[in-house]
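Participant: As input, take protein25.cif (mmCIF, C-alpha atoms and all ligand atoms):
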```
data_work
#
loop_
_atom_site.label_atom_id
_atom_site.label_comp_id
_atom_site.auth_asym_id
_atom_site.auth_seq_id
_atom_site.Cartn_x
_atom_site.Cartn_y
_atom_site.Cartn_z
CA MET A 21 23.94 -3.61 -23.47
CA ALA A 22 23.94 -5.15 -20.00
CA GLU A 23 25.67 -8.12 -18.41
CA HIS A 24 26.12 -11.22 -20.62
CA ASN A 25 26.06 -9.01 -23.73
CA ARG A 26 22.29 -8.94 -23.78
CA ILE A 27 20.78 -6.07 -25.71
CA CYS A 28 18.53 -4.05 -23.43
CA SER A 29 18.02 -0.87 -25.42
CA PHE A 30 18.61 1.01 -28.66
CA GLU A 31 19.20 4.73 -28.96
CA ALA A 32 17.47 6.26 -31.97
CA LEU A 33 19.85 8.36 -34.08
CA LEU A 34 18.70 10.45 -37.00
CA ARG A 35 20.47 10.28 -40.37
CA TRP A 36 19.68 12.36 -43.43
CA ARG A 37 20.42 10.87 -46.82
CA HIS A 38 20.18 13.76 -49.25
CA PRO A 39 19.49 12.79 -52.91
CA GLU A 40 22.39 14.93 -54.20
CA ARG A 41 24.60 15.74 -51.23
CA GLY A 42 24.62 12.23 -49.79
CA LEU A 43 24.77 11.61 -46.07
CA ILE A 44 24.42 14.83 -44.08
CA SER A 45 25.67 14.74 -40.53
CA PRO A 46 23.27 15.53 -37.70
CA VAL A 47 25.94 17.95 -36.43
CA GLU A 48 25.12 19.99 -39.55
CA PHE A 49 21.34 19.78 -39.71
CA ILE A 50 20.20 19.55 -36.07
CA PRO A 51 21.36 23.10 -35.13
CA ILE A 52 19.54 24.49 -38.19
CA ALA A 53 16.43 22.50 -37.32
CA GLU A 54 16.62 23.92 -33.80
CA ASP A 55 17.06 27.52 -34.99
CA THR A 56 14.14 27.29 -37.41
CA GLY A 57 11.87 25.36 -35.05
CA LEU A 58 11.71 22.48 -37.55
CA ILE A 59 13.10 20.29 -34.77
CA VAL A 60 9.54 20.08 -33.38
CA PRO A 61 7.92 18.24 -36.34
CA ILE A 62 11.14 16.30 -37.04
CA GLY A 63 11.37 15.28 -33.37
CA ALA A 64 7.71 14.23 -33.32
CA TRP A 65 8.32 12.07 -36.40
CA VAL A 66 11.35 10.45 -34.69
CA ILE A 67 9.26 9.66 -31.59
CA ARG A 68 6.46 8.09 -33.67
CA GLU A 69 8.92 6.11 -35.78
CA ALA A 70 10.89 4.90 -32.74
CA CYS A 71 7.70 3.69 -31.02
CA THR A 72 6.46 1.91 -34.13
CA ARG A 73 9.79 0.13 -34.67
CA ALA A 74 10.32 -0.77 -31.03
CA SER A 75 6.83 -2.25 -30.80
CA GLN A 76 8.12 -5.00 -33.15
CA TRP A 77 11.12 -5.87 -30.95
CA PRO A 78 11.27 -8.35 -28.04
CA ASN A 79 9.44 -7.12 -24.93
CA HIS A 80 12.54 -6.50 -22.80
CA VAL A 81 14.16 -4.15 -25.34
CA ARG A 82 13.65 -0.42 -24.93
CA VAL A 83 14.09 2.49 -27.29
CA ALA A 84 15.72 5.77 -26.26
CA VAL A 85 15.01 9.03 -28.05
CA ASN A 86 17.06 12.23 -27.73
CA VAL A 87 14.94 15.28 -27.09
CA SER A 88 16.40 18.73 -27.73
CA PRO A 89 15.70 21.68 -25.40
CA VAL A 90 13.60 23.44 -28.06
CA GLN A 91 11.48 20.34 -28.59
CA PHE A 92 11.24 19.79 -24.86
CA HIS A 93 9.88 23.25 -24.13
CA ARG A 94 7.88 23.99 -27.26
CA GLY A 95 7.09 20.64 -28.80
CA ALA A 96 3.94 19.53 -26.94
CA LEU A 97 6.06 16.56 -25.97
CA HIS A 98 3.58 15.01 -23.55
CA GLU A 99 0.86 14.78 -26.24
CA THR A 100 3.29 13.62 -28.93
CA ILE A 101 4.60 10.76 -26.80
CA LEU A 102 1.15 9.84 -25.52
CA ARG A 103 -0.18 9.54 -29.07
CA ALA A 104 2.88 7.65 -30.35
CA LEU A 105 2.57 5.12 -27.52
CA ALA A 106 -1.16 4.69 -28.08
CA ASP A 107 -0.84 4.30 -31.87
CA SER A 108 2.07 1.85 -31.69
CA GLY A 109 0.92 -0.10 -28.65
CA LEU A 110 4.42 0.19 -27.16
CA ALA A 111 4.44 -0.19 -23.36
CA PRO A 112 5.44 3.20 -21.84
CA GLY A 113 8.17 1.55 -19.74
CA ARG A 114 9.95 0.61 -22.98
CA PHE A 115 10.28 4.25 -24.05
CA GLU A 116 13.11 6.36 -22.70
CA VAL A 117 13.49 10.11 -23.14
CA GLU A 118 17.11 11.30 -23.19
CA ILE A 119 17.57 14.89 -22.13
CA THR A 120 20.65 16.94 -21.29
CA GLU A 121 21.05 19.45 -18.50
CA SER A 122 20.62 22.27 -20.99
CA ILE A 123 16.83 21.85 -20.74
CA PHE A 124 17.10 23.39 -17.27
CA LEU A 125 18.35 26.68 -18.72
CA GLU A 126 14.74 27.70 -19.33
CA GLY A 127 14.09 27.73 -15.61
CA SER A 128 13.97 24.70 -13.41
CA GLU A 129 10.39 25.03 -12.20
CA THR A 130 8.75 24.74 -15.64
CA THR A 131 11.28 22.08 -16.60
CA LEU A 132 10.51 19.97 -13.55
CA LYS A 133 6.78 20.31 -14.19
CA LEU A 134 7.30 19.01 -17.74
CA LEU A 135 9.51 16.18 -16.57
CA HIS A 136 6.89 15.08 -14.06
CA SER A 137 4.16 15.24 -16.69
CA LEU A 138 6.25 12.94 -18.91
CA ARG A 139 6.90 10.65 -15.98
CA SER A 140 3.14 10.41 -15.41
CA LEU A 141 2.92 8.69 -18.81
CA GLY A 142 5.05 5.87 -17.43
CA VAL A 143 8.02 6.56 -19.70
CA ARG A 144 11.61 6.58 -18.47
CA ILE A 145 13.79 9.68 -18.24
CA ALA A 146 17.55 9.54 -18.74
CA LEU A 147 20.04 12.33 -18.13
CA ASP A 148 22.39 12.30 -21.13
CA ASP A 149 26.08 13.29 -21.39
CA PHE A 150 26.23 13.21 -17.61
CA GLY A 151 29.20 14.89 -15.97
CA THR A 152 29.88 17.48 -18.66
CA GLY A 153 27.50 20.18 -17.38
CA TYR A 154 28.04 22.69 -14.62
CA SER A 155 25.74 21.54 -11.88
CA SER A 156 24.65 18.00 -12.66
CA LEU A 157 24.45 16.99 -9.03
CA SER A 158 21.75 19.46 -8.03
CA TYR A 159 19.45 18.09 -10.75
CA LEU A 160 19.75 14.62 -9.27
CA GLN A 161 18.29 15.97 -6.09
CA SER A 162 15.35 17.64 -7.80
CA PHE A 163 14.17 14.85 -10.10
CA PRO A 164 14.23 11.04 -9.84
CA PHE A 165 15.93 10.18 -13.12
CA ASP A 166 15.82 6.55 -14.22
CA LYS A 167 19.24 6.59 -15.79
CA LEU A 168 22.49 8.54 -16.04
CA LYS A 169 24.42 8.24 -19.26
CA ILE A 170 28.08 8.74 -18.40
CA ASP A 171 29.60 10.98 -21.05
CA ARG A 172 32.00 9.36 -23.50
CA SER A 173 34.81 11.77 -22.60
CA PHE A 174 35.21 10.02 -19.24
CA ILE A 175 35.12 6.57 -20.85
CA GLN A 176 37.77 7.55 -23.41
CA ASN A 177 40.15 8.52 -20.61
CA LEU A 178 39.11 5.71 -18.31
CA LEU A 179 42.29 3.66 -18.56
CA THR A 180 44.74 6.47 -19.14
CA ARG A 181 43.79 9.19 -16.69
CA GLU A 182 43.38 8.58 -13.01
CA GLY A 183 40.93 11.46 -12.75
CA ALA A 184 38.54 9.87 -15.25
CA THR A 185 38.57 6.56 -13.38
CA ALA A 186 37.75 8.33 -10.12
CA ILE A 187 34.90 10.27 -11.75
CA VAL A 188 33.37 7.17 -13.32
CA ARG A 189 33.59 5.34 -10.01
CA ALA A 190 32.01 8.30 -8.18
CA ILE A 191 29.14 8.53 -10.72
CA THR A 192 28.34 4.82 -10.58
CA GLU A 193 28.46 4.77 -6.78
CA LEU A 194 26.27 7.84 -6.52
CA ALA A 195 23.79 6.44 -9.04
CA HIS A 196 23.70 3.15 -7.19
CA ALA A 197 22.98 4.91 -3.89
CA LEU A 198 20.15 6.85 -5.55
CA ASN A 199 18.82 3.72 -7.26
CA ILE A 200 19.51 5.09 -10.75
CA GLU A 201 20.83 2.94 -13.61
CA THR A 202 24.00 3.92 -15.43
CA THR A 203 24.98 3.55 -19.07
CA ALA A 204 28.57 4.20 -20.14
CA GLU A 205 28.75 5.81 -23.58
CA GLY A 206 31.42 5.35 -26.22
CA VAL A 207 32.86 2.03 -25.02
CA GLU A 208 35.43 0.89 -27.60
CA GLU A 209 37.80 -1.47 -25.79
CA THR A 210 37.40 -4.69 -23.81
CA ALA A 211 39.59 -3.25 -21.03
CA GLN A 212 37.17 -0.33 -20.65
CA LEU A 213 34.27 -2.77 -20.42
CA MET A 214 36.02 -4.79 -17.69
CA GLU A 215 36.78 -1.63 -15.74
CA LEU A 216 33.15 -0.43 -16.04
CA ARG A 217 31.82 -3.79 -14.91
CA ALA A 218 34.16 -3.68 -11.90
CA HIS A 219 32.66 -0.30 -10.99
CA GLY A 220 29.13 -1.72 -11.20
CA CYS A 221 28.03 0.21 -14.28
CA SER A 222 24.67 -1.32 -15.30
CA SER A 223 24.99 -1.08 -19.07
CA VAL A 224 27.26 0.08 -21.85
CA GLN A 225 27.02 1.26 -25.42
CA GLY A 226 29.64 1.81 -28.08
CA PHE A 227 31.64 0.51 -31.01
CA LEU A 228 32.98 -2.40 -28.96
CA PHE A 229 29.65 -4.07 -29.66
CA ALA A 230 28.17 -2.38 -32.68
CA GLU A 231 28.33 0.64 -34.91
CA PRO A 232 25.10 2.54 -35.48
CA MET A 233 22.84 0.32 -37.59
CA SER A 234 19.69 0.70 -39.64
CA THR A 235 16.35 -0.42 -38.26
CA ALA A 236 16.35 -3.23 -40.82
CA ASP A 237 19.63 -4.48 -39.35
CA VAL A 238 18.20 -4.26 -35.84
CA GLU A 239 15.28 -6.45 -36.89
CA ARG A 240 17.62 -8.92 -38.56
CA LEU A 241 19.70 -9.05 -35.39
CA PHE A 242 16.71 -10.16 -33.33
CA LYS A 243 15.63 -12.70 -35.93
CA GLU A 244 18.99 -14.27 -36.72
CA GLU A 245 21.21 -13.72 -33.67
CA GLY A 246 18.54 -13.92 -30.98
CA GLY A 247 19.40 -10.38 -29.90
CA VAL A 248 22.87 -11.18 -28.59
CA LEU A 249 25.88 -9.15 -29.68
CA GLN A 250 29.44 -10.38 -29.40
CA SER A 251 32.09 -7.77 -28.73
CA VAL A 252 34.04 -7.12 -31.90
CA ALA A 253 37.39 -6.43 -30.18
CA CA B 1 21.91 10.51 -26.37
CA CA B 2 25.19 11.08 -25.05
#
```
Would you mind giving the structure from this file in structure tokens?
Ligand code: CA
Ligand code: CA

Facilitator:
Amino acid sequence: MAEHNRICSFEALLRWRHPERGLISPVEFIPIAEDTGLIVPIGAWVIREACTRASQWPNHVRVAVNVSPVQFHRGALHETILRALADSGLAPGRFEVEITESIFLEGSETTLKLLHSLRSLGVRIALDDFGTGYSSLSYLQSFPFDKLKIDRSFIQNLLTREGATAIVRAITELAHALNIETTAEGVEETAQLMELRAHGCSSVQGFLFAEPMSTADVERLFKEEGGVLQSVA
């Protein structure tokens, strides 16, 4: 969500509706999928599905997909994304890979090589949960990320803790200087939105505008509302 409440992107989130156990939280099944390596085929399916769906949306709307460290290093990600883009016809610039700093734990040289190979496809790379890791700033120097996603913990404390306000301001200023977009995560209140806009944050996401929705609801939104969300607060 950017200025004027225009939708600019959707983040793909996986949900598992089990026939007997009902809705199973990703917090439960993602770690198991990572341990067993099943995250690789599941992640590839998510990438294909996200590309196919997004190819039906208006041309200015992107889709962001979370990629886990296991999938990043062992998932033949370059080929998976290349094929998904080719099969769906989605323009590469409309596909955004969200990674966290933890992908660098495997060694920064191999990681950077992989990041550059993804970049060569023309897709965008976002650094997720920014500010929560140990050495975020050094990564900004080593790779030209397209976007920083400011972790929700800072947004939650934005109006109540001076420290959080200073951090958010520092991140947005730094990103601006480096020509990187920013997205604030977990925005729930109008006052937070105003504060973020004052700091020059380029886009926001959170319950203030919408709860997670099904792809059918996303399509309905474009058809019936013209792709504009009103804040619900
Ligand atoms: Ca994410
Ligand atoms: Ca996040």

Participant: How big is the axis-aligned box around all listed atoms of range 52-61 of chain A once 4 Å goes on each side, and where's its centre, in Å to one decimal, as JSON?

Facilitator:
```
{"center_x": 13.7, "center_y": 22.9, "center_z": -35.8, "size_x": 19.6, "size_y": 17.3, "size_z": 12.8}
```

Participant: So that I can check the surroundings of range 221-226 of chain A, please list as a list in words every protein, DNA and RNA residue that reaches within 6 Å of it, counting only C-alpha atoms and ignoring chain neighbours fewer than 2 positions away.

Facilitator: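 Here the answer would be Met21, Ala22, Thr192, Glu201, Thr202, Thr203, Ala204, Glu205, Gly206, Val207, Glu208, Leu216, Arg217, His219 and Leu228 of chain A.
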
Participant: Which protein, DNA or RNA residues have an atom within 8 Å of ligand CA 2 (chain B), counting only C-alpha atoms and all ligand atoms, as a PDB file with C-alpha atoms, keeping the file's coordinate frame?

Facilitator:
```pdb
ATOM      1  CA  ASP A 148      22.390  12.300 -21.130  1.00  0.00           C
ATOM      2  CA  ASP A 149      26.080  13.290 -21.390  1.00  0.00           C
ATOM      3  CA  PHE A 150      26.230  13.210 -17.610  1.00  0.00           C
ATOM      4  CA  LYS A 169      24.420   8.240 -19.260  1.00  0.00           C
ATOM      5  CA  ILE A 170      28.080   8.740 -18.400  1.00  0.00           C
ATOM      6  CA  ASP A 171      29.600  10.980 -21.050  1.00  0.00           C
ATOM      7  CA  ARG A 172      32.000   9.360 -23.500  1.00  0.00           C
ATOM      8  CA  GLU A 205      28.750   5.810 -23.580  1.00  0.00           C
TER       9      GLU A 205
END
```

Participant: Please check which protein, DNA or RNA residues sit within 9 Å of ligand CA 1 (chain B), counting all atoms listed in the file, and write them as JSON, numbers by chain.

Facilitator: {"A": [31, 32, 33, 84, 85, 86, 87, 118, 119, 120, 146, 147, 148, 149, 169, 205]}

Participant: Got time to write the residues from that selection, C-alpha atoms, as a PDB file, in the frame of the given file?

Facilitator:
```pdb
ATOM      1  CA  GLU A  31      19.200   4.730 -28.960  1.00  0.00           C
ATOM      2  CA  ALA A  32      17.470   6.260 -31.970  1.00  0.00           C
ATOM      3  CA  LEU A  33      19.850   8.360 -34.080  1.00  0.00           C
ATOM      4  CA  ALA A  84      15.720   5.770 -26.260  1.00  0.00           C
ATOM      5  CA  VAL A  85      15.010   9.030 -28.050  1.00  0.00           C
ATOM      6  CA  ASN A  86      17.060  12.230 -27.730  1.00  0.00           C
ATOM      7  CA  VAL A  87      14.940  15.280 -27.090  1.00  0.00           C
ATOM      8  CA  GLU A 118      17.110  11.300 -23.190  1.00  0.00           C
ATOM      9  CA  ILE A 119      17.570  14.890 -22.130  1.00  0.00           C
ATOM     10  CA  THR A 120      20.650  16.940 -21.290  1.00  0.00           C
ATOM     11  CA  ALA A 146      17.550   9.540 -18.740  1.00  0.00           C
ATOM     12  CA  LEU A 147      20.040  12.330 -18.130  1.00  0.00           C
ATOM     13  CA  ASP A 148      22.390  12.300 -21.130  1.00  0.00           C
ATOM     14  CA  ASP A 149      26.080  13.290 -21.390  1.00  0.00           C
ATOM     15  CA  LYS A 169      24.420   8.240 -19.260  1.00  0.00           C
ATOM     16  CA  GLU A 205      28.750   5.810 -23.580  1.00  0.00           C
TER      17      GLU A 205
END
```

Participant: So how far away is CA of Gln161 in chain A from CA of Ala195 in chain A, in Å?

Facilitator: 11.4 Å

Participant: Let me make sure I understand: among A:Thr131, A:Gln212, A:Thr72, A:Ser45, which one has the smallest atom-to-atom distance to Leu178 in chain A if we use only C-alpha atoms?

Facilitator: A:Gln212

Participant: Please determine, counting all atoms listed in the file, which residue among A:Ala236, A:Leu160, A:Val47, A:Val143 has the shortest atom-to-atom distance to Leu102 in chain A.

Facilitator: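 Of A:Ala236, A:Leu160, A:Val47, A:Val143, the one nearest Leu102 in chain A is A:Val143, counting all atoms listed in the file.
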
Participant: Name all residues at most 8 Å from Leu34 in chain A (count all atoms listed in the file; drop same-chain ones fewer than 2 positions away) and give them as a PyMOL selection string.

Facilitator: chain A and resi 32+36+46+66

Participant: Quick one: pull the distance between CA of Leu105 in chain A and CA of Val90 in chain A, Å, one decimal.

Facilitator: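 About the pair CA of Leu105 in chain A and CA of Val90 in chain A: they are 21.4 Å apart.
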
Participant: For each of A:Ser88, A:Met214, A:Ser173, A:His93, take the minimum atom-to-atom distance to Thr130 in chain A, counting only C-alpha atoms, then give the residue where this is smallest.

Facilitator: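 Closest to Thr130 in chain A of all the choices is A:His93.
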
Participant: With distances taken over only C-alpha atoms, which residue among A:Ala70, A:Leu157, A:Ala64, A:Leu179 lies nearest Leu213 in chain A?

Facilitator: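 The answer is A:Leu179, which sits nearest to Leu213 in chain A.
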
Participant: Need the shell around Arg94 in chain A: protein/DNA/RNA residues with any atom at most 12 Å away, counting all atoms listed in the file. Skip same-chain ones fewer than 2 positions apart. Format as a PyMOL selection string?

Facilitator: chain A and resi 54+57-61+63-64+87-92+96-100+123+126+130-131+134

Participant: Using all atoms listed in the file, can you tell me which of A:Gly95, A:Pro51, A:Pro232, A:Pro112 comes closest to Trp65 in chain A?

Facilitator: A:Gly95

Participant: With distances taken over all atoms listed in the file, which of A:Phe163, A:Gly151, A:Ala218, A:Phe229 is nearest to Ile191 in chain A?

Facilitator: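 So, comparing all the options, the nearest one is A:Gly151.
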
Participant: One decimal, Å: what's the distance from CA of Arg240 in chain A over to CA of Ala74 in chain A, could you say?

Facilitator: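 The value is 13.3 Å.
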